[in-house]
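Coordinates from start15.cif are shown below (mmCIF, C-alpha atoms, pLDDT in the B column; chains and numbers go by the auth columns).
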```cif
data_input
#
loop_
_atom_site.group_PDB
_atom_site.id
_atom_site.type_symbol
_atom_site.label_atom_id
_atom_site.label_comp_id
_atom_site.label_asym_id
_atom_site.label_seq_id
_atom_site.Cartn_x
_atom_site.Cartn_y
_atom_site.Cartn_z
_atom_site.B_iso_or_equiv
_atom_site.auth_seq_id
_atom_site.auth_asym_id
ATOM 1 C CA MET A 1 -66.063 -118.276 -115.670 63.00 82 A
ATOM 2 C CA SER A 2 -66.343 -121.345 -117.880 77.00 83 A
ATOM 3 C CA ALA A 3 -66.651 -124.795 -116.314 76.00 84 A
ATOM 4 C CA ASP A 4 -63.210 -125.753 -117.674 86.00 85 A
ATOM 5 C CA ARG A 5 -61.622 -122.605 -116.238 88.00 86 A
ATOM 6 C CA ALA A 6 -63.330 -123.208 -112.871 87.00 87 A
ATOM 7 C CA GLU A 7 -61.974 -126.769 -112.843 90.00 88 A
ATOM 8 C CA VAL A 8 -58.430 -125.539 -113.541 92.00 89 A
ATOM 9 C CA ARG A 9 -58.802 -122.993 -110.736 93.00 90 A
ATOM 10 C CA ARG A 10 -60.019 -125.735 -108.359 91.00 91 A
ATOM 11 C CA LYS A 11 -57.078 -127.968 -109.303 91.00 92 A
ATOM 12 C CA ALA A 12 -54.673 -125.056 -108.905 92.00 93 A
ATOM 13 C CA ARG A 13 -55.994 -124.424 -105.393 92.00 94 A
ATOM 14 C CA SER A 14 -55.684 -128.102 -104.542 88.00 95 A
ATOM 15 C CA ASP A 15 -52.088 -128.229 -105.810 89.00 96 A
ATOM 16 C CA TYR A 16 -51.220 -125.080 -103.859 90.00 97 A
ATOM 17 C CA VAL A 17 -52.848 -126.156 -100.595 86.00 98 A
ATOM 18 C CA TYR A 18 -52.304 -129.922 -100.495 83.00 99 A
ATOM 19 C CA ARG A 19 -49.213 -130.445 -102.631 84.00 100 A
ATOM 20 C CA ARG A 20 -47.534 -127.154 -101.590 84.00 101 A
ATOM 21 C CA MET A 21 -46.666 -126.308 -105.181 88.00 102 A
ATOM 22 C CA MET A 22 -45.354 -122.842 -106.003 91.00 103 A
ATOM 23 C CA GLN A 23 -47.527 -120.481 -108.033 92.00 104 A
ATOM 24 C CA SER A 24 -45.054 -120.528 -110.922 91.00 105 A
ATOM 25 C CA THR A 25 -45.160 -124.330 -111.048 91.00 106 A
ATOM 26 C CA ILE A 26 -48.957 -124.343 -110.966 93.00 107 A
ATOM 27 C CA ALA A 27 -49.074 -121.760 -113.751 93.00 108 A
ATOM 28 C CA ALA A 28 -46.778 -123.850 -115.936 91.00 109 A
ATOM 29 C CA ALA A 29 -48.715 -127.045 -115.189 92.00 110 A
ATOM 30 C CA TYR A 30 -52.048 -125.559 -116.273 93.00 111 A
ATOM 31 C CA GLY A 31 -50.875 -123.280 -119.059 93.00 112 A
ATOM 32 C CA VAL A 32 -51.842 -120.019 -117.363 94.00 113 A
ATOM 33 C CA SER A 33 -49.739 -117.081 -116.251 94.00 114 A
ATOM 34 C CA GLU A 34 -48.383 -116.778 -112.757 93.00 115 A
ATOM 35 C CA ALA A 35 -50.328 -113.512 -112.513 95.00 116 A
ATOM 36 C CA THR A 36 -53.530 -115.454 -113.218 96.00 117 A
ATOM 37 C CA VAL A 37 -52.821 -117.850 -110.346 96.00 118 A
ATOM 38 C CA GLY A 38 -52.139 -114.820 -108.143 95.00 119 A
ATOM 39 C CA ARG A 39 -55.462 -113.264 -109.161 96.00 120 A
ATOM 40 C CA TRP A 40 -57.257 -116.513 -108.349 96.00 121 A
ATOM 41 C CA LYS A 41 -55.658 -116.537 -104.886 95.00 122 A
ATOM 42 C CA ARG A 42 -56.624 -112.902 -104.226 95.00 123 A
ATOM 43 C CA ALA A 43 -60.179 -113.418 -105.472 95.00 124 A
ATOM 44 C CA ALA A 44 -60.582 -116.522 -103.322 93.00 125 A
ATOM 45 C CA LYS A 45 -59.238 -114.641 -100.301 93.00 126 A
ATOM 46 C CA ASP A 46 -61.709 -111.818 -100.929 93.00 127 A
ATOM 47 C CA ASP A 47 -64.432 -114.493 -100.925 90.00 128 A
ATOM 48 C CA GLY A 48 -63.211 -115.915 -97.609 87.00 129 A
ATOM 49 C CA ASP A 49 -61.025 -118.741 -98.949 88.00 130 A
ATOM 50 C CA ASP A 50 -57.452 -117.864 -98.001 89.00 131 A
ATOM 51 C CA TRP A 51 -55.258 -120.402 -99.811 90.00 132 A
ATOM 52 C CA ASP A 52 -52.260 -119.610 -97.603 88.00 133 A
ATOM 53 C CA LYS A 53 -54.194 -120.204 -94.377 85.00 134 A
ATOM 54 C CA ALA A 54 -55.652 -123.415 -95.797 84.00 135 A
ATOM 55 C CA ARG A 55 -52.171 -124.543 -96.799 83.00 136 A
ATOM 56 C CA SER A 56 -50.752 -123.839 -93.338 76.00 137 A
ATOM 57 C CA ALA A 57 -53.703 -125.521 -91.611 75.00 138 A
ATOM 58 C CA HIS A 58 -53.265 -128.609 -93.787 76.00 139 A
ATOM 59 C CA VAL A 59 -49.570 -128.837 -92.993 70.00 140 A
ATOM 60 C CA ILE A 60 -50.077 -128.254 -89.271 68.00 141 A
ATOM 61 C CA ALA A 61 -52.846 -130.851 -89.134 67.00 142 A
ATOM 62 C CA GLY A 62 -50.803 -133.411 -91.012 66.00 143 A
ATOM 63 C CA GLU A 63 -47.237 -132.748 -90.002 63.00 144 A
ATOM 64 C CA GLY A 64 -47.125 -130.233 -87.156 64.00 145 A
ATOM 65 C CA VAL A 65 -46.003 -126.668 -86.667 68.00 146 A
ATOM 66 C CA GLU A 66 -42.302 -127.529 -86.904 69.00 147 A
ATOM 67 C CA VAL A 67 -42.760 -128.594 -90.525 70.00 148 A
ATOM 68 C CA VAL A 68 -44.506 -125.289 -91.241 71.00 149 A
ATOM 69 C CA VAL A 69 -41.653 -123.359 -89.656 77.00 150 A
ATOM 70 C CA SER A 70 -39.102 -125.454 -91.540 76.00 151 A
ATOM 71 C CA THR A 71 -40.934 -124.769 -94.790 77.00 152 A
ATOM 72 C CA VAL A 72 -41.044 -121.038 -94.083 81.00 153 A
ATOM 73 C CA VAL A 73 -37.346 -121.014 -93.222 82.00 154 A
ATOM 74 C CA GLU A 74 -36.573 -122.996 -96.374 82.00 155 A
ATOM 75 C CA ASP A 75 -38.605 -120.578 -98.505 85.00 156 A
ATOM 76 C CA PHE A 76 -36.843 -117.677 -96.819 88.00 157 A
ATOM 77 C CA MET A 77 -33.442 -119.175 -97.587 88.00 158 A
ATOM 78 C CA ILE A 78 -34.428 -119.598 -101.235 88.00 159 A
ATOM 79 C CA GLN A 79 -35.369 -115.913 -101.353 90.00 160 A
ATOM 80 C CA ALA A 80 -32.168 -114.965 -99.502 90.00 161 A
ATOM 81 C CA GLN A 81 -30.196 -116.915 -102.093 89.00 162 A
ATOM 82 C CA ALA A 82 -31.946 -115.006 -104.879 89.00 163 A
ATOM 83 C CA ILE A 83 -31.057 -111.722 -103.175 90.00 164 A
ATOM 84 C CA LEU A 84 -27.442 -112.810 -102.805 90.00 165 A
ATOM 85 C CA ASP A 85 -27.401 -113.723 -106.504 89.00 166 A
ATOM 86 C CA GLU A 86 -28.744 -110.262 -107.369 89.00 167 A
ATOM 87 C CA ILE A 87 -26.125 -108.613 -105.162 89.00 168 A
ATOM 88 C CA LYS A 88 -23.382 -110.663 -106.739 87.00 169 A
ATOM 89 C CA GLU A 89 -24.485 -110.459 -110.369 87.00 170 A
ATOM 90 C CA GLY A 90 -26.506 -107.246 -110.458 85.00 171 A
ATOM 91 C CA ARG A 91 -25.188 -103.871 -111.424 90.00 172 A
ATOM 92 C CA HIS A 92 -25.199 -102.248 -108.012 90.00 173 A
ATOM 93 C CA SER A 93 -22.671 -99.945 -106.449 91.00 174 A
ATOM 94 C CA THR A 94 -20.686 -101.193 -103.465 89.00 175 A
ATOM 95 C CA ALA A 95 -22.781 -98.979 -101.188 90.00 176 A
ATOM 96 C CA GLU A 96 -25.998 -100.465 -102.592 91.00 177 A
ATOM 97 C CA LYS A 97 -24.633 -103.987 -102.165 89.00 178 A
ATOM 98 C CA VAL A 98 -23.680 -103.290 -98.559 89.00 179 A
ATOM 99 C CA SER A 99 -27.136 -101.821 -97.919 90.00 180 A
ATOM 100 C CA MET A 100 -28.786 -104.894 -99.450 90.00 181 A
ATOM 101 C CA LEU A 101 -26.597 -107.144 -97.297 89.00 182 A
ATOM 102 C CA VAL A 102 -27.537 -105.214 -94.159 89.00 183 A
ATOM 103 C CA SER A 103 -31.244 -105.568 -94.985 90.00 184 A
ATOM 104 C CA LEU A 104 -30.831 -109.263 -95.652 89.00 185 A
ATOM 105 C CA SER A 105 -28.883 -109.679 -92.436 89.00 186 A
ATOM 106 C CA ASP A 106 -31.662 -107.960 -90.480 88.00 187 A
ATOM 107 C CA ALA A 107 -34.306 -110.157 -92.105 89.00 188 A
ATOM 108 C CA MET A 108 -32.280 -113.268 -91.338 87.00 189 A
ATOM 109 C CA THR A 109 -31.956 -112.267 -87.691 87.00 190 A
ATOM 110 C CA LYS A 110 -35.714 -111.742 -87.438 87.00 191 A
ATOM 111 C CA MET A 111 -36.420 -115.039 -89.204 85.00 192 A
ATOM 112 C CA ALA A 112 -34.101 -116.851 -86.812 80.00 193 A
ATOM 113 C CA ALA A 113 -35.815 -115.316 -83.775 81.00 194 A
ATOM 114 C CA SER A 114 -39.264 -116.228 -85.080 79.00 195 A
ATOM 115 C CA ALA A 115 -38.238 -119.784 -85.930 75.00 196 A
ATOM 116 C CA LYS A 116 -36.783 -120.255 -82.471 73.00 197 A
ATOM 117 C CA ARG A 117 -40.020 -119.111 -80.823 74.00 198 A
ATOM 118 C CA PHE A 118 -42.302 -121.275 -82.955 71.00 199 A
ATOM 119 C CA ALA A 119 -40.206 -124.394 -83.359 69.00 200 A
ATOM 120 C CA PRO A 120 -37.284 -124.900 -81.019 59.00 201 A
ATOM 121 C CA LYS A 121 -36.167 -127.895 -83.090 55.00 202 A
ATOM 122 C CA VAL A 122 -35.431 -125.516 -85.950 57.00 203 A
ATOM 123 C CA SER A 123 -33.543 -123.142 -83.677 59.00 204 A
ATOM 124 C CA GLU A 124 -30.158 -124.582 -84.646 68.00 205 A
ATOM 125 C CA LEU A 125 -30.721 -123.247 -88.150 64.00 206 A
ATOM 126 C CA GLY A 126 -31.759 -119.965 -86.552 64.00 207 A
ATOM 127 C CA VAL A 127 -28.521 -119.783 -84.587 68.00 208 A
ATOM 128 C CA ALA A 128 -26.552 -120.526 -87.745 73.00 209 A
ATOM 129 C CA GLN A 129 -28.428 -117.813 -89.627 70.00 210 A
ATOM 130 C CA ASP A 130 -27.853 -115.379 -86.775 71.00 211 A
ATOM 131 C CA LEU A 131 -24.149 -116.142 -86.886 77.00 212 A
ATOM 132 C CA MET A 132 -24.114 -115.525 -90.630 77.00 213 A
ATOM 133 C CA ALA A 133 -25.934 -112.217 -90.120 76.00 214 A
ATOM 134 C CA LYS A 134 -23.443 -111.165 -87.461 79.00 215 A
ATOM 135 C CA LEU A 135 -20.565 -112.049 -89.785 82.00 216 A
ATOM 136 C CA LEU A 136 -22.102 -109.896 -92.529 80.00 217 A
ATOM 137 C CA ASP A 137 -22.480 -106.996 -90.078 80.00 218 A
ATOM 138 C CA PHE A 138 -18.902 -107.401 -88.886 84.00 219 A
ATOM 139 C CA VAL A 139 -17.491 -107.387 -92.410 84.00 220 A
ATOM 140 C CA ARG A 140 -19.653 -104.410 -93.358 82.00 221 A
ATOM 141 C CA GLU A 141 -18.420 -102.417 -90.367 86.00 222 A
ATOM 142 C CA GLU A 142 -14.797 -103.504 -90.112 88.00 223 A
ATOM 143 C CA PHE A 143 -13.809 -104.594 -93.629 88.00 224 A
ATOM 144 C CA PRO A 144 -16.130 -102.949 -96.178 87.00 225 A
ATOM 145 C CA HIS A 145 -13.536 -103.432 -98.911 89.00 226 A
ATOM 146 C CA HIS A 146 -14.070 -107.208 -98.585 87.00 227 A
ATOM 147 C CA SER A 147 -17.763 -107.065 -99.553 74.00 228 A
ATOM 148 C CA ALA A 148 -17.234 -108.928 -102.820 74.00 229 A
ATOM 149 C CA ALA A 149 -15.218 -111.670 -101.107 84.00 230 A
ATOM 150 C CA ILE A 150 -17.783 -112.207 -98.361 82.00 231 A
ATOM 151 C CA LEU A 151 -20.520 -112.497 -100.981 70.00 232 A
ATOM 152 C CA GLU A 152 -18.555 -115.212 -102.736 77.00 233 A
ATOM 153 C CA ILE A 153 -18.276 -117.138 -99.455 82.00 234 A
ATOM 154 C CA ILE A 154 -21.718 -116.480 -97.945 76.00 235 A
ATOM 155 C CA GLU A 155 -23.691 -117.545 -101.011 69.00 236 A
ATOM 156 C CA PRO A 156 -22.699 -121.243 -101.003 78.00 237 A
ATOM 157 C CA PHE A 157 -22.429 -121.254 -97.210 81.00 238 A
ATOM 158 C CA GLY A 158 -26.078 -120.205 -96.855 74.00 239 A
ATOM 159 C CA ALA A 159 -27.126 -123.094 -99.072 72.00 240 A
ATOM 160 C CA ARG A 160 -25.003 -125.490 -97.031 78.00 241 A
ATOM 161 C CA LEU A 161 -26.581 -124.267 -93.778 75.00 242 A
ATOM 162 C CA THR A 162 -30.014 -125.037 -95.156 69.00 243 A
ATOM 163 C CA GLU A 163 -28.920 -128.540 -96.142 71.00 244 A
ATOM 164 C CA ILE A 164 -27.329 -129.204 -92.757 74.00 245 A
ATOM 165 C CA TYR A 165 -30.175 -127.978 -90.574 67.00 246 A
ATOM 166 C CA THR A 166 -33.246 -128.958 -92.587 62.00 247 A
ATOM 167 C CA SER A 167 -32.362 -132.485 -93.640 60.00 248 A
#
```
Re-express the file's structure as structure tokens.
Amino acid sequence: MSADRAEVRRKARSDYVYRRMMQSTIAAAYGVSEATVGRWKRAAKDDGDDWDKARSAHVIAGEGVEVVVSTVVEDFMIQAQAILDEIKEGRHSTAEKVSMLVSLSDAMTKMAASAKRFAPKVSELGVAQDLMAKLLDFVREEFPHHSAAILEIIEPFGARLTEIYTS
């Protein structure tokens, strides 16, 4: 690896660990592909330098475990939002959409339980997420013909929950 490339890799690691930048942002900042940043992370991990563990350790040392849990919950909600967007805008059958909603609901319930165990302060968001998951289950079981309507409501509501409980 050239000295310039090694320096970019070092800076990418620093941005990932200490500035908590996303891989896609790092890739854009340094003019490399996101896959390249991913390869750097995997190679470093194989060599004993786990960027994710270093990132978590830095956050815990500086801000505490509750910030880590909040960050994980926030990242999860961003992913959940992307899934809801795919359900809403993708070309899936109603049965596929319901199945995707059930999976998301299950993941949200598990995330809420984990957040509650690790950071009780974040548990209010967990309760809210659990309530949302239960609502999705209820609609799926009792009113499957309202799947499209619940998607239209849940999408912005999930974003609002994140704002309410993480700010």
Kindly provide, as a count of residues only, the polymer residues lying within 12 Å of (-25.6, -119.8, -96.5), counting all atoms listed in the file and using the coordinates exactly as they appear in the file.
40
As a check of understanding, name the residues that the PyMOL selection byres ((chain A and resi 122-136) around 9) selects in the supplied structure, as a list of chain:residue names.
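Taken over the shown coordinates, the PyMOL selection byres ((chain A and resi 122-136) around 9) returns A:Arg94, A:Tyr97, A:Val98, A:Tyr99, A:Arg100, A:Arg101, A:Thr117, A:Val118, A:Gly119, A:Arg120, A:Trp121, A:Ser137, A:Ala138, A:His139, A:Val140, A:Ile141.
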Residues of the last selection are to be written out with C-alpha atoms, as a compact mmCIF listing (two decimals), in the frame of the given file.
```txt
# COMPACT_ATOMS: atom_id res chain seq x y z
CA ARG A 94 -55.99 -124.42 -105.39
CA TYR A 97 -51.22 -125.08 -103.86
CA VAL A 98 -52.85 -126.16 -100.60
CA TYR A 99 -52.30 -129.92 -100.50
CA ARG A 100 -49.21 -130.44 -102.63
CA ARG A 101 -47.53 -127.15 -101.59
CA THR A 117 -53.53 -115.45 -113.22
CA VAL A 118 -52.82 -117.85 -110.35
CA GLY A 119 -52.14 -114.82 -108.14
CA ARG A 120 -55.46 -113.26 -109.16
CA TRP A 121 -57.26 -116.51 -108.35
CA SER A 137 -50.75 -123.84 -93.34
CA ALA A 138 -53.70 -125.52 -91.61
CA HIS A 139 -53.26 -128.61 -93.79
CA VAL A 140 -49.57 -128.84 -92.99
CA ILE A 141 -50.08 -128.25 -89.27
```
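Nearest-residue note for Val179 of chain A: choosing from A:Ala116, A:Ala93, A:Val220, A:Ala109, the minimum distance belongs to A:Val220, counting only C-alpha atoms.
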I'd like to know which of A:Arg198, A:Asp96, A:Ala229, A:Gln104 is closest to Glu170 of chain A, using all atoms listed in the file.
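Residue with the minimum atom-to-atom distance to Glu170 of chain A: A:Ala229.
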Determine the axis-aligned bounding box of all atoms of segment 212-223 of chain A present in the file, pad each side by 5 Å, and express its centre and edge lengths in Å to one decimal place as lines of an AutoDock Vina configuration file.
```
center_x = -20.4
center_y = -109.3
center_z = -90.1
size_x = 21.1
size_y = 23.7
size_z = 16.5
```
Out of A:Glu115, A:Asp156, A:Ala196, A:Asp218, which residue has the shortest atom-to-atom distance to Ser184 of chain A when counting only C-alpha atoms?
A:Asp218
In Å, how far is it from atom CA of Ser114 of chain A to atom CA of Ala188 of chain A?
29.5 Å
